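Undergrad: I have a structure here, written as structure tokens, and I will follow up with some questions on it.
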Amino acid sequence: MVEIKRIEAQSQRIVQAYAWGEVVWHVWGTHQAAPSSTHASSHEAPLVLLHGGSGSWTHWLRNVEHIAQYRPVWVLDIPGFGDSSVPPDVWDADGLVPYLAEILKVTFDGRAVDVMAFSFGGMTVGLLAAAHPECIRSMVLVGVPGLGLFGQTLPMRGMTVDMDAAAQRDVHRHNLNAMMFAHADSVTEDVIDLQQANVGRDRMRRRRIARTDVLAKAQARWTCPVHGVWGAQDALYERTLSQVPKVLTRLTSFTVVPDAGHWVMFERPDAFHAVVDPLLQGR
């Protein structure tokens with residue numbers, strides 16, 4: 001958790017109030033907007049990062065410093081997760097679309113932005129790009145669901161009321177190994193701390209549409225360039241990874257990062273950066 005505090009201390013934490021609640025941004029980069037500002041004032045285009053389900057900005061913990069070397073990075077706690085409020089009567093990605101559209105339009109003064117989004121966040125922004133194409137200039141989708149390609153249910157474990165702290169940590173360790181990582185040694189005690197903090201703030205636990213093909217259907221309405229990045233050992237796509245570009249036919253590029261699981265940008269940050277840097281720098 002020391003690393004989280006160090007990296008967070010380099011950011012500007014921006015809280016925005018809406019009629020339905022508050023959202024929290026963390027911003028890194030030489031050309032950050034002032035904390036009191038509601039839009040990016042830099043001549044460099046901001047990059048928005050969106051985390052996965054049961055996550056927060058810390059899903060990008062190993063990436064923000066690197067990317068902020070060449071462009072401003074705005075990481076949102078998606079409404080219902082992290083430190084952001086949950087909107088009323090919203091239970092899944094589709095319900096978040098109008099709220100995320102409002103947030104982006106207010107924050108960036110109506111300008112289209114580049115978005116890199118992981119898992120649930122990628123599905124959400126993909127639905128947003130279909131409904132509000134004016135909000136999105138380009139997308140990098142990382143290990144996204146909603147393609148109708150999930151196989152058998154992963155062997156996830158749940159908590160029970162009689163579990164002590166050690167037993168709860170064992171559940172988090174098991175679930176991280178089952179879903180998020182390719183290698184058991186990726187699940188350190190600090191990672192379990194991070195996961196425990198994020199899961200404890202997840203207020204949108206009725207999510208179900210990830211197992212459908214909702215995103216595959218939405219891509220027909222995309223108007224921007226879209227790139228896909230997956231971990232080669234993504235547990236959600238154990239037998240179907242090769243089918244992703246056949247289903248997501250609107251992808252401009254599709255890259256698989258070797259020796260990485262679902263949380264690819266955390267488990268193999270250097271290899272991930274080698275893939276996304278040229279995309280994010282326009283090379």
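Chain labels run A, B, ... following the order of the structure tokens; each chain numbers its residues from 1, and ligands are numbered from 1 in the order shown.
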Give me, as a list in words, all polymer residues having an atom no more than 8 Å from Thr255 of chain A, counting only C-alpha atoms and skipping those fewer than 5 positions away in the same chain.
TA: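 Close residues of Thr255 of chain A: Gly228, Val229, Trp230 and Val275 of chain A.
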Undergrad: Per DSSP on the backbone, what are the strand (DSSP E or B) residues of segment 101-159 of chain A, as an MDAnalysis selection string?
TA: chainID A and resid 113:118 136:142
Undergrad: Could you save the residues just selected, with N, CA and C atoms, as a JSON list (two decimals), in the first residue's frame?
TA:
[["chain", "number", "residue", "atom", "x", "y", "z"],
["A", 113, "VAL", "N", -12.54, 12.64, -26.56],
["A", 113, "VAL", "CA", -11.30, 12.27, -25.91],
["A", 113, "VAL", "C", -10.90, 10.84, -26.28],
["A", 114, "ASP", "N", -9.62, 10.56, -26.08],
["A", 114, "ASP", "CA", -9.10, 9.20, -26.23],
["A", 114, "ASP", "C", -9.32, 8.46, -24.92],
["A", 115, "VAL", "N", -9.76, 7.21, -25.01],
["A", 115, "VAL", "CA", -10.04, 6.42, -23.82],
["A", 115, "VAL", "C", -9.35, 5.06, -23.94],
["A", 116, "MET", "N", -8.67, 4.67, -22.88],
["A", 116, "MET", "CA", -8.16, 3.30, -22.76],
["A", 116, "MET", "C", -8.86, 2.68, -21.56],
["A", 117, "ALA", "N", -9.51, 1.54, -21.78],
["A", 117, "ALA", "CA", -10.40, 1.01, -20.75],
["A", 117, "ALA", "C", -10.25, -0.50, -20.62],
["A", 118, "PHE", "N", -10.30, -0.95, -19.37],
["A", 118, "PHE", "CA", -10.06, -2.34, -19.02],
["A", 118, "PHE", "C", -11.36, -3.05, -18.64],
["A", 136, "ILE", "N", -16.10, 10.29, -28.01],
["A", 136, "ILE", "CA", -14.91, 9.44, -28.07],
["A", 136, "ILE", "C", -14.13, 9.67, -29.36],
["A", 137, "ARG", "N", -12.85, 10.02, -29.23],
["A", 137, "ARG", "CA", -11.98, 10.20, -30.39],
["A", 137, "ARG", "C", -11.32, 8.89, -30.81],
["A", 138, "SER", "N", -10.93, 8.07, -29.83],
["A", 138, "SER", "CA", -10.37, 6.75, -30.11],
["A", 138, "SER", "C", -10.50, 5.90, -28.85],
["A", 139, "MET", "N", -10.43, 4.58, -29.03],
["A", 139, "MET", "CA", -10.52, 3.67, -27.88],
["A", 139, "MET", "C", -9.44, 2.60, -27.97],
["A", 140, "VAL", "N", -8.86, 2.28, -26.82],
["A", 140, "VAL", "CA", -8.05, 1.08, -26.65],
["A", 140, "VAL", "C", -8.78, 0.22, -25.65],
["A", 141, "LEU", "N", -9.27, -0.94, -26.08],
["A", 141, "LEU", "CA", -10.04, -1.83, -25.24],
["A", 141, "LEU", "C", -9.14, -2.96, -24.76],
["A", 142, "VAL", "N", -9.10, -3.17, -23.45],
["A", 142, "VAL", "CA", -8.19, -4.14, -22.84],
["A", 142, "VAL", "C", -9.00, -5.26, -22.18]]
Undergrad: Go ahead and compute the interatomic distance for atom CA of Trp60 of chain A and atom CA of Thr212 of chain A, in Å to one decimal.
TA: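 We find that atom CA of Trp60 of chain A and atom CA of Thr212 of chain A lie 25.7 Å from each other.
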Undergrad: What is the distance between atom CA of His262 of chain A and atom CA of Ser119 of chain A, in Å to one decimal?
TA: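 One can read the atom CA of His262 of chain A to atom CA of Ser119 of chain A distance as 8.3 Å.
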Undergrad: I need the residues of segment 27-98 of chain A that end up classed as helix (DSSP H, G or I) by DSSP on the backbone, written out as a PDB file with C-alpha atoms, in the first residue's frame.
TA:
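Result saved to states.pdb:
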ATOM      1  CA  TRP A  57      -8.036   4.004 -10.432  1.00  0.00           C
ATOM      2  CA  THR A  58      -5.613   1.541  -8.803  1.00  0.00           C
ATOM      3  CA  HIS A  59      -6.222  -0.958 -11.607  1.00  0.00           C
ATOM      4  CA  TRP A  60      -3.820   1.347 -13.512  1.00  0.00           C
ATOM      5  CA  VAL A  64      -0.030   6.006 -14.851  1.00  0.00           C
ATOM      6  CA  GLU A  65       3.513   7.215 -14.197  1.00  0.00           C
ATOM      7  CA  HIS A  66       4.786   5.791 -17.470  1.00  0.00           C
ATOM      8  CA  ILE A  67       1.998   7.177 -19.664  1.00  0.00           C
ATOM      9  CA  ALA A  93     -22.697  -0.976 -17.721  1.00  0.00           C
ATOM     10  CA  ASP A  94     -25.664  -0.109 -19.936  1.00  0.00           C
ATOM     11  CA  GLY A  95     -27.240   1.995 -17.188  1.00  0.00           C
ATOM     12  CA  LEU A  96     -23.992   3.927 -16.727  1.00  0.00           C
ATOM     13  CA  VAL A  97     -23.872   5.195 -20.314  1.00  0.00           C
ATOM     14  CA  PRO A  98     -25.787   8.493 -19.873  1.00  0.00           C
TER      15      PRO A  98
END
Undergrad: Between A:Asn175, A:Gln168, A:Ser54, A:Ser11, which is the closest to Met204 of chain A once you count only C-alpha atoms?
TA: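 Comparing A:Asn175, A:Gln168, A:Ser54, A:Ser11 against Met204 of chain A, the winner is A:Ser54.
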Undergrad: Taking 2 positions as the minimum chain separation for residues in the same chain, which residues sit within 12 Å of Val191 of chain A when counting only C-alpha atoms? Answer as an MDAnalysis selection string.
TA: chainID A and resid 1:4 58:59 61:62 169 172:173 175:177 180:181 184:189 193:198 263 266:267
Undergrad: Grab the atom CA of Phe81 of chain A to atom CA of Arg208 of chain A distance for me, in Å with one decimal place.
TA: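 Calculated distance between atom CA of Phe81 of chain A and atom CA of Arg208 of chain A is 16.1 Å.
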Undergrad: Would you kindly return, as number ranges by chain, each protein, DNA or RNA residue with an atom no farther than 10 Å from any atom of Leu248 of chain A, considering only C-alpha atoms and excluding same-chain residues fewer than 5 positions away?
TA: A: 147, 215-220, 226-228, 243, 254
Undergrad: Deliver the residues from the most recent selection as a file, using C-alpha atoms, as a compact mmCIF listing (two decimals), in the first residue's frame.
TA:
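Final output, selection.txt:
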# COMPACT_ATOMS: atom_id res chain seq x y z
CA LEU A 147 -18.52 -10.45 -26.81
CA LEU A 215 -20.64 -5.08 -27.00
CA ALA A 216 -20.32 -7.10 -30.19
CA LYS A 217 -23.72 -5.80 -31.23
CA ALA A 218 -22.90 -2.21 -30.29
CA GLN A 219 -19.78 -1.98 -32.47
CA ALA A 220 -21.83 -1.33 -35.61
CA VAL A 226 -10.57 1.05 -31.89
CA HIS A 227 -7.64 -1.11 -30.79
CA GLY A 228 -7.78 -4.33 -28.78
CA GLN A 243 -12.08 -15.54 -31.91
CA PHE A 254 -5.55 -6.61 -32.12
Undergrad: Restricting the calculation to only C-alpha atoms: of A:Asn63, A:Gln233, A:Ile103, A:Arg207, which residue gets closest to His273 of chain A?
TA: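 For His273 of chain A, the nearest of the candidates is A:Asn63.
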